[in-house]
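Working notes for the structure below.
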Number of protein chains: 2
Amino acid sequence: MDAAFKALAEPRRREILKLVWSRELPATEIAQQFGDVTRSAVSQHLSVLRESQLVTERRDGVRRLYRANHTEMNRLRRFLEEYWDDSLERLQYLAEAAEREKGISNG
Amino acid sequence: MDAAFKALAEPRRREILKLVWSRELPATEIAQQFGDVTRSAVSQHLSVLRESQLVTERRDGVRRLYRANHTEMNRLRRFLEEYWDDSLERLQYLAEAAEREKGISNG
DNA sequence: CACTTACGTAAGTAGATGCTAACGTATCTA
DNA sequence: TAGATACGTTAGCATCTACTTACGTAAGTG
């Protein structure tokens, strides 16, 4: 959990995470998206993301395919929600959430 | 937004944030909660939290009272939600959310 | 005025972090 | 086997960060 926060604190890692959010990508292709950084740096970022469980790795021959771990991101979301759960201010949050919910879902 | 992430990456600052989540506290009292750190260090943490808008400050004579800024925390929560909004995986998230919702609210 | 209280700020330091360049290592192909 | 490909890892460096100590300052008290 602590690791996940630190991992997300770095903007570059958040960008990487977005790249592999809804699709699997090999490391090289991820690195190619950034013009101002080497493949090595991206590889190290991927290590951090992997160790903090924010991405998963799958081998495919020579390549390594990365993908965001939505479960872990959910855990992070829930952690933030705990701040509300721990206090009465939760009521205020629920009111705001209801406001936002109006135009989003019906079930 | 970037500043908020970096601020929360530090465990000590998350602890401070929890202390002032549902009540206003003067800097000295916050520092007293930690036995392994000086008042100066806490003061510097409070600066970071203030600059990232995660806490607000109010003067009261000699003291400075701090309090968590729930609005900013909400912004952070919503930022994480954008990761879902940006992809079709949102459907999966909604399914999970529905599961959790069962025992929580009815409107 | 001097003194205390409650706080921020500056200086200095040990350790973490993000980066590049260079090297090491599987996996595939000929 | 040799060589290319796709990647991780290491060494080294500049910068950032969390901390302590020491100092500066506004607000209250005598």
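Just remember, in the structure tokens the first chain shown is A, the second B, etc., residues are 1-based per chain, and ligands are 1-based in the order shown.
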Near chain B, 7 Å: chain A residue rows, closest pairs, only C-alpha atoms, as JSON lines:
{"residue": "A:Phe5", "atom": "CA", "partner": "B:Ala9", "partner_atom": "CA", "distance": 5.0}
{"residue": "A:Lys6", "atom": "CA", "partner": "B:Ala9", "partner_atom": "CA", "distance": 4.7}
{"residue": "A:Leu8", "atom": "CA", "partner": "B:Phe5", "partner_atom": "CA", "distance": 6.9}
{"residue": "A:Ala9", "atom": "CA", "partner": "B:Lys6", "partner_atom": "CA", "distance": 4.8}
{"residue": "A:Ser22", "atom": "CA", "partner": "B:Ser87", "partner_atom": "CA", "distance": 6.1}
{"residue": "A:Arg77", "atom": "CA", "partner": "B:Arg77", "partner_atom": "CA", "distance": 6.7}
{"residue": "A:Leu80", "atom": "CA", "partner": "B:Arg77", "partner_atom": "CA", "distance": 6.9}
{"residue": "A:Ser87", "atom": "CA", "partner": "B:Ser22", "partner_atom": "CA", "distance": 6.2}
Only C-alpha atoms, please: the residues just picked out, written as a CSV table (one decimal), in the first residue's frame.
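The file below, part-v1.csv, is the result:
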chain,number,residue,atom,x,y,z
A,5,PHE,CA,1.4,5.5,-3.2
A,6,LYS,CA,5.1,6.1,-3.8
A,8,LEU,CA,2.0,6.8,-8.2
A,9,ALA,CA,3.7,9.8,-6.9
A,22,SER,CA,-6.9,-1.2,-21.0
A,77,ARG,CA,-9.3,3.7,-4.0
A,80,LEU,CA,-8.7,6.8,0.3
A,87,SER,CA,-15.4,10.1,10.5
Show me which bits of chain D are within 9 Å of chain B, counting only C-alpha atoms (C1' of nucleotides), as a PyMOL selection string. chain D and resi 18-20+26-28
With N, CA and C atoms (P, O5', C5', C4', C3', O3' and C1' of nucleotides) kept, could you save the residues just selected as a PDB file, in the first residue's frame?
ATOM      1  P    DA D  18       9.825  13.527   1.728  1.00  0.00           P
ATOM      2  O5'  DA D  18      10.174  13.212   3.242  1.00  0.00           O
ATOM      3  C5'  DA D  18      10.835  12.008   3.558  1.00  0.00           C
ATOM      4  C4'  DA D  18      11.732  12.217   4.763  1.00  0.00           C
ATOM      5  C3'  DA D  18      11.080  12.982   5.917  1.00  0.00           C
ATOM      6  O3'  DA D  18      11.161  12.186   7.092  1.00  0.00           O
ATOM      7  C1'  DA D  18      13.199  13.906   5.404  1.00  0.00           C
ATOM      8  P    DC D  19      10.544  12.723   8.467  1.00  0.00           P
ATOM      9  O5'  DC D  19      11.831  13.316   9.198  1.00  0.00           O
ATOM     10  C5'  DC D  19      12.898  12.435   9.541  1.00  0.00           C
ATOM     11  C4'  DC D  19      14.169  13.207   9.815  1.00  0.00           C
ATOM     12  C3'  DC D  19      14.074  14.240  10.927  1.00  0.00           C
ATOM     13  O3'  DC D  19      14.325  13.626  12.177  1.00  0.00           O
ATOM     14  C1'  DC D  19      15.449  14.966   9.100  1.00  0.00           C
ATOM     15  P    DT D  20      14.030  14.465  13.531  1.00  0.00           P
ATOM     16  O5'  DT D  20      15.383  15.275  13.725  1.00  0.00           O
ATOM     17  C5'  DT D  20      16.620  14.571  13.829  1.00  0.00           C
ATOM     18  C4'  DT D  20      17.780  15.551  13.955  1.00  0.00           C
ATOM     19  C3'  DT D  20      17.619  16.541  15.124  1.00  0.00           C
ATOM     20  O3'  DT D  20      18.803  16.571  15.900  1.00  0.00           O
ATOM     21  C1'  DT D  20      17.956  17.730  13.082  1.00  0.00           C
ATOM     22  P    DA D  26       7.547  39.676  12.475  1.00  0.00           P
ATOM     23  O5'  DA D  26       6.037  39.504  12.945  1.00  0.00           O
ATOM     24  C5'  DA D  26       5.229  38.513  12.309  1.00  0.00           C
ATOM     25  C4'  DA D  26       4.329  37.846  13.341  1.00  0.00           C
ATOM     26  C3'  DA D  26       3.477  38.828  14.149  1.00  0.00           C
ATOM     27  O3'  DA D  26       2.137  38.359  14.156  1.00  0.00           O
ATOM     28  C1'  DA D  26       4.670  37.377  15.591  1.00  0.00           C
ATOM     29  P    DA D  27       0.956  39.163  14.841  1.00  0.00           P
ATOM     30  O5'  DA D  27       0.778  38.443  16.247  1.00  0.00           O
ATOM     31  C5'  DA D  27       0.364  37.081  16.255  1.00  0.00           C
ATOM     32  C4'  DA D  27       0.106  36.632  17.678  1.00  0.00           C
ATOM     33  C3'  DA D  27      -0.690  37.630  18.524  1.00  0.00           C
ATOM     34  O3'  DA D  27      -1.630  36.904  19.292  1.00  0.00           O
ATOM     35  C1'  DA D  27       1.378  37.168  19.565  1.00  0.00           C
ATOM     36  P    DG D  28      -2.768  37.602  20.131  1.00  0.00           P
ATOM     37  O5'  DG D  28      -2.215  37.523  21.626  1.00  0.00           O
ATOM     38  C5'  DG D  28      -2.462  36.373  22.393  1.00  0.00           C
ATOM     39  C4'  DG D  28      -1.481  36.283  23.533  1.00  0.00           C
ATOM     40  C3'  DG D  28      -1.825  37.133  24.761  1.00  0.00           C
ATOM     41  O3'  DG D  28      -2.154  36.298  25.861  1.00  0.00           O
ATOM     42  C1'  DG D  28       0.486  37.238  24.234  1.00  0.00           C
TER      43       DG D  28
END
Please, which residues of chain C lie no more than 9 Å from chain A when the count uses only C-alpha atoms (C1' of nucleotides), and can they be set out as a list in words? DG18, DC19, DT20, DA26, DT27 and DC28 of chain C
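Between atom CA of Glu29 of chain B and atom C1' of DA6 of chain C lies a distance of 10.5 Å.
Comparing D:DA11, D:DA4, D:DC16, D:DA22 by their smallest distance to DT29 of chain C, the closest is D:DA4 (using only C-alpha atoms (C1' of nucleotides)).
Atom C1' of DA21 of chain C lies 9.4 Å from atom C1' of DG12 of chain D.
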Which residues, written as a compact mmCIF listing (two decimals) with N, CA and C atoms, in the first residue's frame, have at least one atom at most 12 Å from Thr56 of chain B, with only C-alpha atoms (C1' of nucleotides) counted and residues fewer than 3 positions away on the same chain left out?
# COMPACT_ATOMS: atom_id res chain seq x y z
N LEU B 17 -2.44 13.87 8.28
CA LEU B 17 -3.73 14.14 7.64
C LEU B 17 -4.87 13.48 8.39
N VAL B 20 -5.86 15.42 11.58
CA VAL B 20 -6.66 16.64 11.42
C VAL B 20 -7.85 16.41 10.49
N TRP B 21 -8.20 15.14 10.34
CA TRP B 21 -9.30 14.85 9.41
C TRP B 21 -10.65 15.31 9.94
N ARG B 23 -11.02 16.94 13.05
CA ARG B 23 -10.93 18.00 14.05
C ARG B 23 -9.76 18.92 13.73
N GLU B 24 -9.88 20.15 14.20
CA GLU B 24 -8.85 21.15 14.01
C GLU B 24 -7.79 20.96 15.08
N LEU B 25 -6.50 21.03 14.72
CA LEU B 25 -5.44 20.88 15.72
C LEU B 25 -4.32 21.89 15.48
N PRO B 26 -3.74 22.44 16.59
CA PRO B 26 -2.58 23.32 16.47
C PRO B 26 -1.32 22.50 16.17
N LEU B 46 3.78 19.98 7.42
CA LEU B 46 2.56 20.78 7.33
C LEU B 46 2.64 21.77 6.16
N SER B 47 3.85 22.28 5.90
CA SER B 47 4.04 23.17 4.76
C SER B 47 3.71 22.45 3.46
N VAL B 48 4.23 21.23 3.34
CA VAL B 48 3.98 20.44 2.13
C VAL B 48 2.49 20.18 1.96
N LEU B 49 1.85 19.80 3.06
CA LEU B 49 0.42 19.52 3.00
C LEU B 49 -0.38 20.78 2.64
N ARG B 50 0.06 21.91 3.17
CA ARG B 50 -0.63 23.16 2.89
C ARG B 50 -0.47 23.55 1.42
N GLU B 51 0.78 23.43 0.93
CA GLU B 51 1.05 23.81 -0.46
C GLU B 51 0.33 22.89 -1.46
N SER B 52 0.10 21.66 -1.06
CA SER B 52 -0.61 20.74 -1.96
C SER B 52 -2.12 20.80 -1.69
N GLN B 53 -2.54 21.75 -0.89
CA GLN B 53 -3.96 22.01 -0.63
C GLN B 53 -4.66 20.91 0.15
N ARG B 59 -5.38 31.03 11.63
CA ARG B 59 -4.65 31.62 12.75
C ARG B 59 -5.60 31.85 13.93
N ARG B 64 -1.57 28.15 15.21
CA ARG B 64 -2.07 27.95 13.85
C ARG B 64 -2.81 26.63 13.82
N LEU B 65 -4.06 26.71 13.51
CA LEU B 65 -4.90 25.51 13.53
C LEU B 65 -5.00 24.90 12.14
N TYR B 66 -4.79 23.59 12.09
CA TYR B 66 -4.83 22.89 10.81
C TYR B 66 -6.03 21.96 10.74
N ARG B 67 -6.45 21.74 9.50
CA ARG B 67 -7.61 20.90 9.28
C ARG B 67 -7.51 20.32 7.86
N ALA B 68 -7.91 19.07 7.71
CA ALA B 68 -7.85 18.44 6.39
C ALA B 68 -8.82 19.10 5.43
N ASN B 69 -8.40 19.23 4.19
CA ASN B 69 -9.25 19.80 3.14
C ASN B 69 -9.94 18.66 2.39
N HIS B 70 -11.16 18.39 2.78
CA HIS B 70 -11.87 17.24 2.21
C HIS B 70 -12.12 17.39 0.72
N THR B 71 -12.31 18.63 0.31
CA THR B 71 -12.58 18.87 -1.10
C THR B 71 -11.42 18.38 -1.97
N GLU B 72 -10.20 18.70 -1.51
CA GLU B 72 -9.03 18.29 -2.28
C GLU B 72 -8.90 16.76 -2.30
Among segment 19-82 of chain A, which residues does DSSP mark as helix (DSSP H, G or I) when it is run on the backbone? Keep the chain and numbering as in the structure and answer as a PyMOL selection string. chain A and resi 19+27-32+39-51+70-82
Please produce a file of the residues just selected, as a PDB file, in the first residue's frame, where the atoms kept are C-alpha atoms.
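Output file result-v3.pdb is given in full below:
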ATOM      1  CA  LEU A  19      -0.782   3.165 -21.327  1.00  0.00           C
ATOM      2  CA  ALA A  27       8.275  -2.865 -22.605  1.00  0.00           C
ATOM      3  CA  THR A  28       9.804  -1.568 -25.830  1.00  0.00           C
ATOM      4  CA  GLU A  29       6.515  -0.231 -27.092  1.00  0.00           C
ATOM      5  CA  ILE A  30       5.917   1.498 -23.769  1.00  0.00           C
ATOM      6  CA  ALA A  31       9.348   3.115 -23.913  1.00  0.00           C
ATOM      7  CA  GLN A  32       8.718   4.313 -27.478  1.00  0.00           C
ATOM      8  CA  ARG A  39      14.378   2.386 -22.474  1.00  0.00           C
ATOM      9  CA  SER A  40      16.410   1.696 -19.361  1.00  0.00           C
ATOM     10  CA  ALA A  41      14.608   4.326 -17.342  1.00  0.00           C
ATOM     11  CA  VAL A  42      11.233   2.937 -18.422  1.00  0.00           C
ATOM     12  CA  SER A  43      12.382  -0.555 -17.491  1.00  0.00           C
ATOM     13  CA  GLN A  44      13.225   0.666 -14.010  1.00  0.00           C
ATOM     14  CA  HIS A  45       9.844   2.348 -13.712  1.00  0.00           C
ATOM     15  CA  LEU A  46       8.228  -0.918 -14.720  1.00  0.00           C
ATOM     16  CA  SER A  47      10.138  -2.654 -11.929  1.00  0.00           C
ATOM     17  CA  VAL A  48       8.746  -0.213  -9.391  1.00  0.00           C
ATOM     18  CA  LEU A  49       5.225  -0.646 -10.728  1.00  0.00           C
ATOM     19  CA  ARG A  50       5.602  -4.405 -10.659  1.00  0.00           C
ATOM     20  CA  GLU A  51       6.958  -4.488  -7.102  1.00  0.00           C
ATOM     21  CA  HIS A  70      -6.999  -3.055 -11.535  1.00  0.00           C
ATOM     22  CA  THR A  71      -7.461  -4.954  -8.301  1.00  0.00           C
ATOM     23  CA  GLU A  72      -4.578  -3.105  -6.696  1.00  0.00           C
ATOM     24  CA  MET A  73      -5.863   0.226  -7.953  1.00  0.00           C
ATOM     25  CA  ASN A  74      -9.176  -0.631  -6.367  1.00  0.00           C
ATOM     26  CA  ARG A  75      -7.420  -1.244  -3.075  1.00  0.00           C
ATOM     27  CA  LEU A  76      -5.904   2.227  -3.317  1.00  0.00           C
ATOM     28  CA  ARG A  77      -9.302   3.746  -3.994  1.00  0.00           C
ATOM     29  CA  ARG A  78     -10.716   1.997  -0.982  1.00  0.00           C
ATOM     30  CA  PHE A  79      -7.827   3.183   1.150  1.00  0.00           C
ATOM     31  CA  LEU A  80      -8.723   6.780   0.348  1.00  0.00           C
ATOM     32  CA  GLU A  81     -12.310   6.013   1.184  1.00  0.00           C
ATOM     33  CA  GLU A  82     -11.235   4.922   4.653  1.00  0.00           C
TER      34      GLU A  82
END
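If you count only C-alpha atoms (C1' of nucleotides) and ignore residues fewer than 3 places along the chain from DG24 of chain D, what sits within 10 Å of it is DG8, DT9 and DA10 of chain C.
One distance worth recording is that between atom C1' of DT17 of chain D and atom CA of Arg13 of chain A, which is 18.9 Å.
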